[in-house]
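Notes to accompany the following structure.
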Amino acid sequence: MSIASGMAAGRPSVFISYSHDGPEHEAQVRALAEQLSSDGLACTIDQHTPHPEEGWPRWMTHQIHRATFVILVCSDVYYKRVMGEDAPGVGNGVIWEANLIFQYIYDAGSTNRRFVPVLLKDASKEAIPTPLRGVTHYRIQTPTLADTGYRDLYALLTS
């Protein structure tokens, strides 16, 4: 998929993949999505679509396929689920998204231009899934253009 095919009305589109670690983490992810939207990007997270008609697996597949970029908000919980280290049946959404993401990278000959690891606040670099540890990641303390990590991420997403 070319980057241009993920553009929505001339704006880069972004899908955010993350784990539901708790209310504070979900609020941080929502704040990131809302700031990206405020700054002109077409940004989608599951919190904006609580009951997709086509069901979660198909909805997630469409979001990843259509997005110009996919942000992976990496946390210890996210890592465990992506790497298959969590209890069976827990975090199926993250597991599904990770399988799709890894397949896209595999199909692209292990090159990656779309999948962007992001660490919020004090998340450890070890929370980045192994297949993405070799790419640039972005640490965001607060999603504003005053934050260097957010500004660098925004520059990547908007070219």
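Each chain in the structure tokens gets a letter, A, B and so on, in the order shown; residues start at 1 in every chain, and ligands are counted from 1 in the order they appear.
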
Could you name the residues that touch Arg81 of chain A at 10 Å or less, counting only C-alpha atoms, but leaving out those on the same chain fewer than 5 positions away, as a compact mmCIF listing (two decimals) with C-alpha atoms, in the first residue's frame?
```
# COMPACT_ATOMS: atom_id res chain seq x y z
CA SER A 19 -3.49 -2.12 24.88
CA SER A 75 3.74 -0.49 27.14
CA ASP A 76 4.69 -3.56 29.15
CA ASP A 86 0.09 -12.90 28.21
CA ALA A 87 -2.56 -15.38 29.36
CA PRO A 88 -4.50 -17.08 26.54
CA GLY A 89 -7.65 -15.21 25.57
CA VAL A 90 -6.44 -11.89 27.04
CA GLY A 91 -5.89 -8.91 24.77
CA ASN A 92 -7.10 -10.51 21.55
CA GLY A 93 -7.38 -7.11 19.84
CA VAL A 94 -3.70 -6.32 20.31
CA ILE A 95 -2.76 -9.85 19.26
CA TRP A 96 -4.85 -9.52 16.07
CA ALA A 98 0.18 -7.32 15.88
CA PRO A 129 7.97 -5.35 20.27
```

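The shell of residues at most 10 Å from segment 52-65 of chain A, with only C-alpha atoms counted and near chain neighbours (fewer than 3 positions) removed, consists of Met1, Ser5, Gly6, Ser13, Val14, Phe15, Ile16, Ser17, Thr44, Ile45, Asp46, His48, Thr49, Thr68, Phe69, Val70, Ile71, Asn92, Gly93, Val94, Trp96, Glu97, Leu100, Ile101, Tyr104, Arg114 and Phe115 of chain A.
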
Kindly save the residues from that selection, with N, CA, C and O atoms included, as a tab-separated table (two decimals), in the first residue's frame.
```
chain	number	residue	atom	x	y	z
A	1	MET	N	0.85	-1.18	0.00
A	1	MET	CA	0.00	0.00	0.00
A	1	MET	C	0.88	1.23	0.00
A	1	MET	O	1.79	1.37	0.80
A	5	SER	N	-2.29	6.23	-0.73
A	5	SER	CA	-3.59	5.57	-0.67
A	5	SER	C	-4.21	5.65	0.72
A	5	SER	O	-5.40	5.43	0.88
A	6	GLY	N	-3.45	5.99	1.74
A	6	GLY	CA	-3.98	6.13	3.08
A	6	GLY	C	-4.37	7.56	3.42
A	6	GLY	O	-4.74	7.85	4.54
A	13	SER	N	-3.51	9.73	7.25
A	13	SER	CA	-4.39	9.06	8.21
A	13	SER	C	-3.54	8.21	9.15
A	13	SER	O	-2.54	7.63	8.75
A	14	VAL	N	-3.97	8.18	10.40
A	14	VAL	CA	-3.24	7.49	11.45
A	14	VAL	C	-4.20	6.60	12.22
A	14	VAL	O	-5.29	7.02	12.61
A	15	PHE	N	-3.79	5.37	12.42
A	15	PHE	CA	-4.51	4.45	13.30
A	15	PHE	C	-3.61	4.18	14.49
A	15	PHE	O	-2.41	3.98	14.33
A	16	ILE	N	-4.18	4.19	15.70
A	16	ILE	CA	-3.40	3.95	16.90
A	16	ILE	C	-3.75	2.59	17.47
A	16	ILE	O	-4.90	2.31	17.81
A	17	SER	N	-2.74	1.73	17.56
A	17	SER	CA	-2.84	0.41	18.18
A	17	SER	C	-2.28	0.52	19.59
A	17	SER	O	-1.17	1.05	19.77
A	44	THR	N	-7.58	7.72	14.07
A	44	THR	CA	-8.61	6.79	14.51
A	44	THR	C	-8.10	5.93	15.66
A	44	THR	O	-6.98	5.41	15.59
A	45	ILE	N	-8.94	5.78	16.68
A	45	ILE	CA	-8.71	4.81	17.75
A	45	ILE	C	-10.04	4.11	18.03
A	45	ILE	O	-11.10	4.62	17.68
A	46	ASP	N	-9.96	2.97	18.68
A	46	ASP	CA	-11.18	2.22	18.96
A	46	ASP	C	-12.15	2.97	19.87
A	46	ASP	O	-13.35	2.74	19.82
A	48	HIS	N	-13.23	5.81	19.56
A	48	HIS	CA	-14.15	6.60	18.74
A	48	HIS	C	-15.23	5.74	18.10
A	48	HIS	O	-16.19	6.27	17.55
A	49	THR	N	-15.06	4.42	18.12
A	49	THR	CA	-16.00	3.50	17.48
A	49	THR	C	-16.29	2.34	18.45
A	49	THR	O	-15.72	1.26	18.31
A	68	THR	N	-2.31	5.62	6.61
A	68	THR	CA	-1.00	6.00	6.10
A	68	THR	C	0.06	5.52	7.07
A	68	THR	O	1.08	4.98	6.66
A	69	PHE	N	-0.20	5.73	8.37
A	69	PHE	CA	0.70	5.31	9.44
A	69	PHE	C	-0.09	4.60	10.53
A	69	PHE	O	-1.25	4.94	10.78
A	70	VAL	N	0.55	3.65	11.18
A	70	VAL	CA	-0.01	2.99	12.36
A	70	VAL	C	0.94	3.26	13.51
A	70	VAL	O	2.12	2.90	13.45
A	71	ILE	N	0.42	3.93	14.54
A	71	ILE	CA	1.20	4.18	15.74
A	71	ILE	C	0.94	3.03	16.70
A	71	ILE	O	-0.21	2.66	16.96
A	92	ASN	N	-7.01	-10.01	22.92
A	92	ASN	CA	-7.10	-10.51	21.55
A	92	ASN	C	-7.00	-9.41	20.50
A	92	ASN	O	-6.49	-9.65	19.41
A	93	GLY	N	-7.47	-8.20	20.81
A	93	GLY	CA	-7.38	-7.11	19.84
A	93	GLY	C	-5.95	-6.76	19.51
A	93	GLY	O	-5.58	-6.62	18.35
A	94	VAL	N	-5.12	-6.63	20.53
A	94	VAL	CA	-3.70	-6.32	20.31
A	94	VAL	C	-3.03	-7.47	19.56
A	94	VAL	O	-2.24	-7.24	18.64
A	96	TRP	N	-4.39	-9.58	17.46
A	96	TRP	CA	-4.85	-9.52	16.07
A	96	TRP	C	-4.11	-8.43	15.30
A	96	TRP	O	-3.60	-8.67	14.20
A	97	GLU	N	-4.05	-7.22	15.88
A	97	GLU	CA	-3.38	-6.11	15.22
A	97	GLU	C	-1.90	-6.42	15.00
A	97	GLU	O	-1.35	-6.14	13.93
A	100	LEU	N	-1.34	-8.72	12.07
A	100	LEU	CA	-1.50	-7.99	10.81
A	100	LEU	C	-0.28	-7.12	10.53
A	100	LEU	O	0.25	-7.10	9.41
A	101	ILE	N	0.18	-6.39	11.53
A	101	ILE	CA	1.32	-5.49	11.38
A	101	ILE	C	2.57	-6.29	10.99
A	101	ILE	O	3.28	-5.93	10.05
A	104	TYR	N	2.40	-7.34	7.37
A	104	TYR	CA	2.71	-6.25	6.44
A	104	TYR	C	4.22	-6.05	6.34
A	104	TYR	O	4.76	-5.88	5.24
A	114	ARG	N	5.59	2.44	7.72
A	114	ARG	CA	4.25	2.79	8.21
A	114	ARG	C	4.04	2.59	9.70
A	114	ARG	O	3.15	3.20	10.27
A	115	PHE	N	4.77	1.72	10.33
A	115	PHE	CA	4.49	1.31	11.70
A	115	PHE	C	5.47	1.98	12.65
A	115	PHE	O	6.68	1.78	12.55
```

Using DSSP on the backbone, list every residue of chain A that comes out as strand (DSSP E), and give them as a ChimeraX atom specification. /A:13-17,42-44,69-74,115-120,138-140

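For the atom pair formed by atom CA of Glu26 of chain A and atom CA of Met83 of chain A, the distance is 20.7 Å, given to one decimal.
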
Surrounding residues of Ser159 of chain A excluding itself and chain neighbours under 5 positions, 12 Å, only C-alpha atoms, as a count of residues only: 12
